[in-house]
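Engineer: What follows is my_file.cif; its format and atoms are mmCIF, C-alpha atoms.
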data_entry
loop_
_atom_site.label_atom_id
_atom_site.label_comp_id
_atom_site.auth_asym_id
_atom_site.auth_seq_id
_atom_site.Cartn_x
_atom_site.Cartn_y
_atom_site.Cartn_z
CA MET A 1 26.63 -61.52 -109.47
CA PRO A 2 26.56 -61.85 -113.28
CA LYS A 3 23.95 -64.32 -114.43
CA LEU A 4 23.99 -65.81 -117.90
CA THR A 5 23.31 -68.96 -119.76
CA LEU A 6 26.55 -70.82 -119.29
CA THR A 7 27.64 -72.52 -122.48
CA ASN A 8 30.88 -73.89 -123.74
CA SER A 9 31.54 -70.60 -125.56
CA SER A 10 30.55 -68.26 -122.71
CA ALA A 11 32.62 -70.26 -120.24
CA LEU A 12 35.59 -69.97 -122.58
CA LEU A 13 35.23 -66.17 -122.82
CA ALA A 14 34.35 -65.52 -119.17
CA GLU A 15 37.02 -63.54 -117.26
CA CYS A 16 37.43 -61.95 -113.87
CA GLU A 17 36.21 -58.34 -113.83
CA PRO A 18 39.06 -55.78 -113.72
CA GLY A 19 40.03 -54.73 -110.20
CA LYS A 20 38.39 -57.73 -108.56
CA ARG A 21 39.95 -60.84 -107.04
CA LYS A 22 37.28 -63.09 -108.51
CA THR A 23 34.01 -62.95 -110.43
CA ASP A 24 31.23 -65.54 -110.23
CA PHE A 25 29.08 -66.32 -113.30
CA TYR A 26 25.84 -68.08 -112.35
CA ASP A 27 23.98 -70.22 -114.84
CA ASP A 28 20.35 -69.21 -115.33
CA THR A 29 19.20 -72.72 -116.19
CA VAL A 30 20.66 -74.84 -113.36
CA THR A 31 20.19 -73.19 -109.98
CA GLY A 32 23.48 -72.80 -108.14
CA PHE A 33 25.70 -73.83 -111.05
CA VAL A 34 28.52 -71.29 -111.08
CA LEU A 35 31.78 -70.63 -112.87
CA GLU A 36 34.28 -68.82 -110.64
CA CYS A 37 36.86 -66.76 -112.57
CA ARG A 38 39.88 -65.52 -110.62
CA SER A 39 42.21 -62.65 -111.31
CA THR A 40 45.05 -65.14 -111.62
CA GLY A 41 43.35 -66.57 -114.69
CA GLY A 42 42.09 -69.78 -113.07
CA LYS A 43 38.48 -70.92 -113.43
CA THR A 44 36.51 -73.50 -111.45
CA TYR A 45 32.99 -74.95 -111.67
CA TYR A 46 30.94 -75.21 -108.45
CA LEU A 47 27.45 -75.97 -107.30
CA ARG A 48 26.31 -73.61 -104.55
CA TYR A 49 23.25 -74.44 -102.49
CA ASP A 50 21.53 -73.72 -99.18
CA GLN A 51 21.52 -76.38 -96.46
CA ALA A 52 19.79 -75.69 -93.13
CA GLY A 53 20.06 -71.94 -93.63
CA ARG A 54 23.73 -72.04 -94.56
CA GLN A 55 25.20 -71.59 -98.00
CA LYS A 56 27.53 -74.38 -99.06
CA GLN A 57 29.42 -75.15 -102.22
CA HIS A 58 30.58 -78.35 -103.86
CA LYS A 59 33.57 -78.22 -106.17
CA ILE A 60 32.85 -79.87 -109.51
CA GLY A 61 36.20 -79.32 -111.16
CA ARG A 62 38.70 -76.90 -112.66
CA TYR A 63 37.83 -75.49 -116.06
CA ASP A 64 40.99 -76.96 -117.55
CA ASP A 65 40.29 -80.41 -116.09
CA VAL A 66 36.63 -81.00 -116.95
CA THR A 67 34.60 -80.24 -120.07
CA PHE A 68 31.67 -77.83 -119.83
CA ALA A 69 29.21 -80.56 -120.76
CA ALA A 70 30.52 -82.85 -118.02
CA ALA A 71 30.46 -80.01 -115.47
CA LYS A 72 26.85 -79.08 -116.26
CA LYS A 73 25.75 -82.69 -116.13
CA ALA A 74 27.38 -83.04 -112.72
CA ALA A 75 25.70 -79.81 -111.56
CA GLN A 76 22.27 -81.12 -112.62
CA ARG A 77 22.87 -84.39 -110.73
CA LEU A 78 24.08 -82.61 -107.61
CA ARG A 79 21.17 -80.15 -107.74
CA SER A 80 18.72 -83.05 -107.88
CA GLU A 81 20.43 -84.53 -104.84
CA VAL A 82 20.01 -81.24 -102.94
CA VAL A 83 16.33 -80.96 -103.91
CA MET A 84 15.80 -84.50 -102.56
CA GLY A 85 17.29 -83.48 -99.22
CA GLY A 86 20.82 -84.66 -99.79
CA ASP A 87 24.04 -82.83 -98.99
CA PRO A 88 26.88 -83.39 -101.50
CA GLY A 89 29.29 -81.48 -99.28
CA ALA A 90 28.63 -83.75 -96.30
CA ARG A 91 29.08 -86.81 -98.48
CA LYS A 92 32.40 -85.43 -99.72
CA ALA A 93 33.48 -84.73 -96.13
CA GLU A 94 32.61 -88.31 -95.16
CA ALA A 95 34.71 -89.59 -98.06
CA LYS A 96 37.66 -87.47 -96.90
CA ALA A 97 37.24 -88.87 -93.38
CA VAL A 98 38.09 -92.34 -94.69
CA PRO A 99 41.79 -92.94 -93.90
CA VAL A 100 44.37 -94.36 -96.26
CA TYR A 101 45.56 -97.91 -95.61
CA SER A 102 48.84 -96.82 -93.98
CA ALA A 103 46.86 -95.29 -91.09
CA LEU A 104 44.97 -98.54 -90.58
CA ALA A 105 48.22 -100.51 -90.87
CA ALA A 106 49.79 -98.44 -88.09
CA GLN A 107 46.92 -99.32 -85.75
CA HIS A 108 47.10 -102.97 -86.82
CA LEU A 109 50.81 -103.11 -85.97
CA ALA A 110 50.26 -101.37 -82.63
CA ASP A 111 47.72 -104.06 -81.74
CA ALA A 112 49.98 -106.85 -82.99
CA LYS A 113 52.85 -105.58 -80.85
CA LEU A 114 50.67 -105.96 -77.77
CA HIS A 115 49.03 -109.29 -78.52
CA GLN A 116 50.94 -111.16 -81.23
CA ARG A 117 54.01 -113.28 -80.63
CA SER A 118 55.03 -113.13 -84.29
CA TYR A 119 54.95 -109.31 -84.50
CA ASP A 120 58.21 -109.09 -86.47
CA THR A 121 56.77 -111.39 -89.15
CA THR A 122 53.62 -109.31 -89.50
CA GLU A 123 55.59 -106.06 -89.61
CA GLY A 124 57.96 -107.44 -92.25
CA TYR A 125 55.23 -108.69 -94.59
CA MET A 126 53.34 -105.43 -94.24
CA ARG A 127 56.39 -103.22 -94.85
CA LEU A 128 57.78 -105.21 -97.77
CA HIS A 129 54.64 -106.27 -99.59
CA ILE A 130 51.41 -104.57 -98.53
CA LEU A 131 52.27 -100.93 -97.79
CA PRO A 132 54.18 -100.28 -101.05
CA LYS A 133 51.02 -101.15 -103.00
CA TRP A 134 48.16 -99.98 -100.77
CA GLY A 135 49.68 -97.57 -98.23
CA ARG A 136 48.43 -94.37 -99.91
CA VAL A 137 45.06 -95.73 -101.06
CA ARG A 138 41.86 -94.80 -99.21
CA LEU A 139 40.20 -97.83 -97.67
CA THR A 140 36.98 -97.41 -99.69
CA GLU A 141 39.01 -97.43 -102.90
CA ILE A 142 40.58 -100.84 -102.23
CA ASP A 143 38.62 -103.15 -104.48
CA GLY A 144 38.40 -106.91 -104.05
CA ARG A 145 39.05 -107.57 -107.72
CA ALA A 146 42.17 -105.38 -107.65
CA VAL A 147 43.39 -107.21 -104.54
CA ALA A 148 42.87 -110.58 -106.25
CA HIS A 149 44.92 -109.44 -109.27
CA TRP A 150 47.63 -108.10 -106.96
CA LEU A 151 47.90 -111.42 -105.12
CA ALA A 152 48.07 -113.24 -108.45
CA ASP A 153 50.91 -110.91 -109.49
CA LYS A 154 52.70 -111.73 -106.23
CA ARG A 155 52.56 -115.41 -107.12
CA ALA A 156 53.82 -114.59 -110.62
CA GLU A 157 56.78 -112.76 -109.05
CA GLY A 158 57.94 -116.09 -107.69
CA LEU A 159 56.80 -115.77 -104.07
CA ALA A 160 56.05 -119.08 -102.40
CA PRO A 161 52.31 -119.91 -102.22
CA ALA A 162 52.53 -119.96 -98.42
CA THR A 163 54.00 -116.43 -98.46
CA VAL A 164 51.17 -115.11 -100.65
CA ILE A 165 48.59 -116.70 -98.35
CA LYS A 166 50.28 -115.07 -95.35
CA ILE A 167 50.20 -111.66 -97.07
CA LYS A 168 46.52 -112.15 -97.83
CA ALA A 169 45.76 -113.12 -94.22
CA ILE A 170 47.56 -110.08 -92.79
CA PHE A 171 45.83 -107.72 -95.23
CA GLY A 172 42.42 -109.17 -94.42
CA ARG A 173 43.17 -108.99 -90.70
CA SER A 174 43.69 -105.23 -91.02
CA PHE A 175 40.10 -104.79 -92.21
CA GLU A 176 38.75 -107.15 -89.53
CA LEU A 177 40.38 -105.03 -86.85
CA GLY A 178 39.24 -101.82 -88.54
CA ALA A 179 35.63 -103.03 -88.51
CA ARG A 180 35.95 -103.92 -84.82
CA TRP A 181 37.28 -100.42 -84.11
CA SER A 182 34.58 -98.77 -86.30
CA ILE A 183 37.14 -97.16 -88.62
CA PRO A 184 35.42 -95.61 -91.68
CA GLY A 185 35.99 -97.63 -94.81
CA CYS A 186 36.29 -101.00 -93.05
CA GLU A 187 32.62 -101.93 -93.29
CA ARG A 188 33.55 -104.13 -96.26
CA ASN A 189 36.57 -106.40 -96.26
CA PRO A 190 37.95 -106.50 -99.83
CA VAL A 191 39.99 -109.61 -99.05
CA ARG A 192 37.01 -111.70 -97.98
CA GLY A 193 35.77 -113.94 -100.75
CA ILE A 194 39.05 -114.09 -102.66
CA GLN A 195 39.69 -117.74 -103.41
CA SER A 196 43.06 -119.32 -102.64
CA LYS A 197 44.25 -122.59 -104.07
CA PRO A 198 44.47 -125.31 -101.41
CA LEU A 199 47.96 -125.34 -99.99
CA ASN A 200 49.67 -128.53 -99.01
CA ASN A 201 53.03 -127.50 -97.67
CA ALA A 202 53.19 -130.06 -94.89
CA ARG A 203 56.78 -131.22 -94.87
CA GLU A 204 57.06 -134.22 -92.62
CA ARG A 205 60.47 -135.60 -91.69
CA TYR A 206 60.95 -138.15 -88.94
CA LEU A 207 64.22 -139.45 -87.62
CA THR A 208 64.93 -143.11 -87.16
CA SER A 209 66.63 -144.23 -83.97
CA ALA A 210 69.93 -144.57 -85.83
CA GLU A 211 69.64 -141.05 -87.28
CA ALA A 212 68.81 -139.62 -83.87
CA THR A 213 71.89 -141.29 -82.42
CA ARG A 214 74.10 -139.85 -85.17
CA LEU A 215 72.64 -136.39 -84.66
CA LEU A 216 73.20 -136.45 -80.90
CA ALA A 217 76.79 -137.63 -81.40
CA ALA A 218 77.45 -134.77 -83.82
CA ALA A 219 75.85 -132.29 -81.41
CA GLU A 220 78.14 -133.49 -78.61
CA LYS A 221 81.15 -132.47 -80.72
CA SER A 222 79.73 -129.02 -81.53
CA ARG A 223 81.57 -125.84 -80.62
CA ASN A 224 78.30 -124.74 -79.05
CA PRO A 225 78.42 -126.38 -75.59
CA GLN A 226 74.64 -126.10 -75.21
CA LEU A 227 73.66 -127.72 -78.51
CA ALA A 228 73.67 -131.37 -77.38
CA ALA A 229 71.43 -130.63 -74.40
CA VAL A 230 69.00 -128.63 -76.54
CA VAL A 231 68.77 -131.33 -79.22
CA GLY A 232 68.44 -134.07 -76.60
CA LEU A 233 65.59 -132.32 -74.79
CA LEU A 234 63.78 -131.50 -78.04
CA LEU A 235 63.82 -135.17 -79.00
CA LEU A 236 62.68 -136.28 -75.54
CA THR A 237 59.94 -133.69 -74.96
CA GLY A 238 58.64 -132.69 -78.40
CA MET A 239 58.78 -129.04 -77.32
CA ARG A 240 59.06 -126.18 -79.75
CA VAL A 241 62.59 -124.78 -79.77
CA SER A 242 61.39 -121.31 -78.73
CA GLU A 243 59.58 -122.83 -75.75
CA LEU A 244 62.64 -124.74 -74.62
CA LEU A 245 65.15 -121.91 -75.04
CA SER A 246 62.96 -119.52 -73.03
CA THR A 247 62.40 -121.98 -70.16
CA ARG A 248 63.28 -120.58 -66.73
CA TRP A 249 64.72 -122.72 -63.97
CA GLU A 250 61.67 -121.92 -61.86
CA TYR A 251 59.48 -123.67 -64.47
CA VAL A 252 61.20 -127.04 -63.89
CA ASP A 253 59.96 -129.40 -61.17
CA VAL A 254 62.44 -132.27 -61.03
CA GLU A 255 60.56 -134.13 -58.29
CA ARG A 256 57.31 -134.20 -60.25
CA ARG A 257 59.24 -134.52 -63.53
CA THR A 258 57.38 -131.69 -65.29
CA LEU A 259 58.33 -128.54 -67.11
CA HIS A 260 55.87 -125.64 -67.19
CA VAL A 261 55.27 -123.71 -70.42
CA PRO A 262 53.37 -120.56 -69.40
CA THR A 263 52.50 -119.44 -72.93
CA SER A 264 52.53 -121.68 -75.98
CA LYS A 265 51.75 -121.13 -79.65
CA THR A 266 48.10 -121.99 -78.94
CA GLY A 267 47.95 -119.30 -76.27
CA ARG A 268 47.53 -121.84 -73.50
CA SER A 269 49.88 -122.89 -70.74
CA ARG A 270 50.78 -126.52 -70.27
CA HIS A 271 52.98 -128.90 -68.28
CA VAL A 272 55.41 -131.02 -70.27
CA PRO A 273 56.12 -134.44 -68.72
CA LEU A 274 59.83 -135.24 -68.44
CA ALA A 275 61.27 -138.70 -69.08
CA GLN A 276 64.01 -139.71 -66.68
CA ALA A 277 66.53 -139.20 -69.48
CA ALA A 278 65.29 -135.60 -69.88
CA VAL A 279 65.60 -135.03 -66.12
CA GLY A 280 69.18 -136.32 -66.36
CA ILE A 281 70.04 -133.79 -69.09
CA ILE A 282 68.56 -130.93 -67.06
CA GLU A 283 70.39 -131.96 -63.90
CA ARG A 284 73.69 -131.94 -65.80
CA LEU A 285 73.17 -128.42 -67.15
CA PRO A 286 75.58 -125.85 -65.68
CA LYS A 287 73.69 -123.46 -63.42
CA ALA A 288 75.46 -120.22 -62.64
CA LYS A 289 74.63 -118.24 -59.53
CA GLU A 290 71.42 -116.26 -59.99
CA ALA A 291 70.81 -118.02 -63.30
CA VAL A 292 67.35 -117.39 -64.73
CA TYR A 293 67.15 -119.61 -67.81
CA LEU A 294 68.13 -123.22 -68.52
CA PHE A 295 69.98 -122.01 -71.60
CA ALA A 296 71.50 -118.63 -70.84
CA SER A 297 72.81 -116.33 -73.57
CA PRO A 298 76.63 -116.36 -73.72
CA LYS A 299 76.54 -112.58 -74.15
CA ASP A 300 74.15 -111.79 -71.31
CA PRO A 301 73.50 -114.34 -68.53
CA LYS A 302 70.24 -112.56 -67.68
CA LYS A 303 68.84 -113.36 -71.13
CA HIS A 304 68.21 -116.71 -72.78
CA LEU A 305 69.73 -118.28 -75.86
CA THR A 306 67.65 -117.29 -78.89
CA THR A 307 69.07 -119.45 -81.68
CA ILE A 308 71.18 -122.55 -82.28
CA LYS A 309 71.18 -122.06 -86.05
CA HIS A 310 74.88 -122.27 -86.86
CA GLY A 311 75.72 -125.14 -84.53
CA TRP A 312 72.59 -126.96 -85.65
CA GLN A 313 73.41 -126.74 -89.35
CA THR A 314 76.94 -128.01 -88.78
CA ALA A 315 75.86 -130.94 -86.61
CA ARG A 316 73.04 -131.83 -88.99
CA ASP A 317 75.39 -131.97 -91.97
CA ILE A 318 78.03 -133.97 -90.07
CA ALA A 319 75.31 -136.46 -89.13
CA GLY A 320 74.43 -136.83 -92.82
CA LEU A 321 70.98 -135.29 -92.43
CA PRO A 322 70.93 -132.34 -94.89
CA GLY A 323 67.70 -130.40 -94.93
CA LEU A 324 66.61 -131.55 -91.48
CA ARG A 325 64.85 -128.72 -89.65
CA ILE A 326 64.90 -128.11 -85.92
CA HIS A 327 61.11 -128.40 -85.92
CA ASP A 328 61.46 -131.93 -87.33
CA LEU A 329 62.71 -132.99 -83.91
CA ARG A 330 59.21 -132.28 -82.57
CA HIS A 331 57.73 -134.57 -85.24
CA SER A 332 60.38 -137.18 -84.46
CA ALA A 333 59.53 -137.13 -80.74
CA ALA A 334 55.91 -137.80 -81.69
CA SER A 335 56.90 -140.60 -84.07
CA PHE A 336 58.96 -142.37 -81.38
CA MET A 337 55.95 -142.23 -79.03
CA ALA A 338 53.52 -143.41 -81.73
CA ASN A 339 55.73 -146.34 -82.70
CA SER A 340 55.95 -147.33 -79.05
CA GLY A 341 52.19 -147.77 -78.90
CA VAL A 342 51.30 -144.45 -77.27
CA ASP A 343 47.79 -143.33 -78.34
CA LEU A 344 47.24 -140.10 -80.27
CA PHE A 345 45.37 -138.39 -77.44
CA ALA A 346 48.35 -138.78 -75.11
CA ILE A 347 50.75 -137.60 -77.84
CA GLY A 348 48.60 -134.51 -78.36
CA LYS A 349 48.67 -133.75 -74.63
CA VAL A 350 52.45 -134.06 -74.51
CA LEU A 351 52.92 -131.78 -77.53
CA GLY A 352 50.30 -129.29 -76.38
CA HIS A 353 48.03 -129.59 -79.41
CA ALA A 354 44.91 -127.43 -79.27
CA SER A 355 42.79 -130.14 -80.89
CA TYR A 356 42.81 -133.87 -81.53
CA GLN A 357 42.89 -133.18 -85.27
CA SER A 358 46.40 -131.74 -84.90
CA SER A 359 47.60 -135.12 -83.62
CA GLN A 360 46.02 -137.03 -86.49
CA ARG A 361 49.06 -136.43 -88.70
CA TYR A 362 50.91 -138.98 -86.59
CA SER A 363 48.27 -141.70 -87.03
CA HIS A 364 50.30 -143.41 -89.76
CA LEU A 365 53.50 -143.40 -87.76
CA ALA A 366 52.66 -146.42 -85.64
CA ASN A 367 53.64 -148.67 -88.52
CA ASP A 368 56.21 -150.53 -86.40
CA THR A 369 53.53 -151.22 -83.79
CA LEU A 370 51.04 -152.34 -86.44
CA LEU A 371 53.61 -154.58 -88.08
CA ALA A 372 54.33 -156.16 -84.70
CA ALA A 373 50.57 -156.74 -84.26
CA VAL A 374 50.12 -158.49 -87.60
CA GLU A 375 53.29 -160.54 -87.06
CA ALA A 376 51.95 -161.68 -83.70
CA GLY A 377 48.67 -162.62 -85.37
CA ALA A 378 50.47 -164.52 -88.12
CA ALA A 379 52.61 -166.36 -85.56
CA LYS A 380 49.52 -167.35 -83.61
CA GLN A 381 47.84 -168.55 -86.78
CA ALA A 382 50.87 -170.68 -87.70
CA GLN A 383 50.91 -172.51 -84.34
CA PRO A 384 49.71 -176.09 -84.51
CA VAL A 385 46.37 -176.80 -82.85
#
Just dump the structure as structure tokens.
Structural biologist:
Amino acid sequence: MPKLTLTNSSALLAECEPGKRKTDFYDDTVTGFVLECRSTGGKTYYLRYDQAGRQKQHKIGRYDDVTFAAAKKAAQRLRSEVVMGGDPGARKAEAKAVPVYSALAAQHLADAKLHQRSYDTTEGYMRLHILPKWGRVRLTEIDGRAVAHWLADKRAEGLAPATVIKIKAIFGRSFELGARWSIPGCERNPVRGIQSKPLNNARERYLTSAEATRLLAAAEKSRNPQLAAVVGLLLLTGMRVSELLSTRWEYVDVERRTLHVPTSKTGRSRHVPLAQAAVGIIERLPKAKEAVYLFASPKDPKKHLTTIKHGWQTARDIAGLPGLRIHDLRHSAASFMANSGVDLFAIGKVLGHASYQSSQRYSHLANDTLLAAVEAGAAKQAQPV
């Protein structure tokens, strides 16, 4: 084992001894600091040390990649760590045990597939936006500041603010799950603490009675024979379209005038009350033998209709209601109830809101009712005594 004072010059001249595969040159000033010279011509700096009776080594760097001064400084630091009872090799092994983000993402998606109704949305955002940037990065190397800049760049690319917020939420959720599963590198969530501008993307559109009548008339003329019934029930129940289209016949109780929704967006089941007009629509629906769903798929009677997109867009445009969304029918159902004097608590129960605050958006809709109240007051005031 040649021992010499390693310097920039001696390291440059050091070579593997003839006939040997490698030769180690130990520094005589820093214990364990060694330059390994191989017969292939390669050289590497190491620190070798004893730990619990076993010899270990920590790679500092290749001769061509690190200067001698930097290598010796690193050796001195690592030697001090060993003297104080530390183990650089163990620390390096722990760092290697930290997975890259793609491994965490795979576990996140596996969990989402089991528990999340919007799995396809999560998978799409992750595949298109998050994995290309962070997939190969170790979790401990994902820095909050870098994430903040990345999200800002996403906004600069022209993505909608709501889309950027969704990306941020999914990314942060990965680290929340990783911490719950004790995955190394998830002790700190780099997304937490990143400020987002308040988002006000509430787009409220409510049909008038005349508009609803036009829409229903257009739906009746649609090439989709199920469209009119779907639109009619959405306006009468305030259900979400996915809830209605997946309704089974067994969920409908005509005698009690209720429709059971076993799983809603809030994760809770509920019973939707049915107006007599809604019962009439359901009773007129064609029911094939062994039918399972109210709205069966034309391609497979054992499955339910999944979309009314094309028929909806045509009927909407014919009715002169461009831009109207299917979800606006849910808001419209609430507005018709509010303007009929129904209180917000009852509206929330019908729509299946998880909290009273969700129903507050309809508090201003009772304008017709309020106008009737002030008109009645004015009429009373004008009466002669």
Engineer: Counting all atoms listed in the file, which residue out of A:Ile165, A:Met126, A:Cys37, A:Leu131 sits closest to A:Lys22?
Structural biologist: A:Cys37
Engineer: Check the smallest atom-to-atom distance from each of A:Thr40, A:Ser196, A:Ser222, A:Thr31 to A:Ser80 using only C-alpha atoms, then report the winner.
Structural biologist: A:Thr31
Engineer: Let me know the residues the PyMOL selection byres ((chain A and resi 323) around 12) catches in the file above, as a PyMOL selection string.
Structural biologist: chain A and resi 203-206+312-322+324-328
Engineer: I'd like the residues picked by the PyMOL selection byres ((chain A and resi 236) around 10) written out as a PyMOL selection string, using the chain letters and numbers from the file.
Structural biologist: chain A and resi 230-235+237-239+273-279+329-330+332-334+336-337
Engineer: Please, what distance in Å, to one decimal, runs between atom CA of A:Thr247 and atom CA of A:Val350?
Structural biologist: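 A separation of 16.2 Å between them.
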Engineer: Counting only C-alpha atoms, figure out which residue out of A:Val147, A:Ala338, A:Tyr251, A:Thr67 gets nearest to A:Val164.
Structural biologist: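 The answer is A:Val147, which sits nearest to A:Val164.
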Engineer: Near A:Pro286, counting all atoms listed in the file, which residues have an atom at most 10 Å away, once you skip same-chain residues fewer than 3 positions from it, shown as a list in words?
Structural biologist: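 The filter keeps Gln226, Ile282, Glu283, Lys289, Ala291, Leu294, Phe295 and Ala296 of chain A.
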Engineer: Mind listing whatever residues come within 12 Å of the point (49.6, -97.9, -99.4)? Use only C-alpha atoms, file coordinates, and give them as a PyMOL selection string.
Structural biologist: chain A and resi 99-106+126-139+141-142+171
Engineer: For A:His353, which residue among A:Ser340, A:Ser10, A:Ser269, A:Gln51 is the nearest when counting only C-alpha atoms?
Structural biologist: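 Smallest separation from A:His353 among the options: A:Ser269.
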Engineer: What gap, in Å, lies between atom CA of A:Asp120 and atom CA of A:Ile167?
Structural biologist: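 Computing it gives 13.5 Å between the two atoms.
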Engineer: Between atom CA of A:Leu35 and atom CA of A:Asp50, what distance in Å does the model show, to one decimal?
Structural biologist: 17.4 Å
Engineer: Can you turn the PyMOL selection byres ((chain A and resi 177-179) around 12) into a concrete residue list for this file, as a PyMOL selection string?
Structural biologist: chain A and resi 98-101+103-112+139+170-176+180-189
Engineer: When you look at A:Thr23 with a cut-off of 9 Å (counting all atoms listed in the file), what residues show up, excluding the ones that are within fewer than 4 positions of it in the same chain? I need them as a VMD selection string.
Structural biologist: chain A and resid 1 to 2 15 to 17 35 to 39
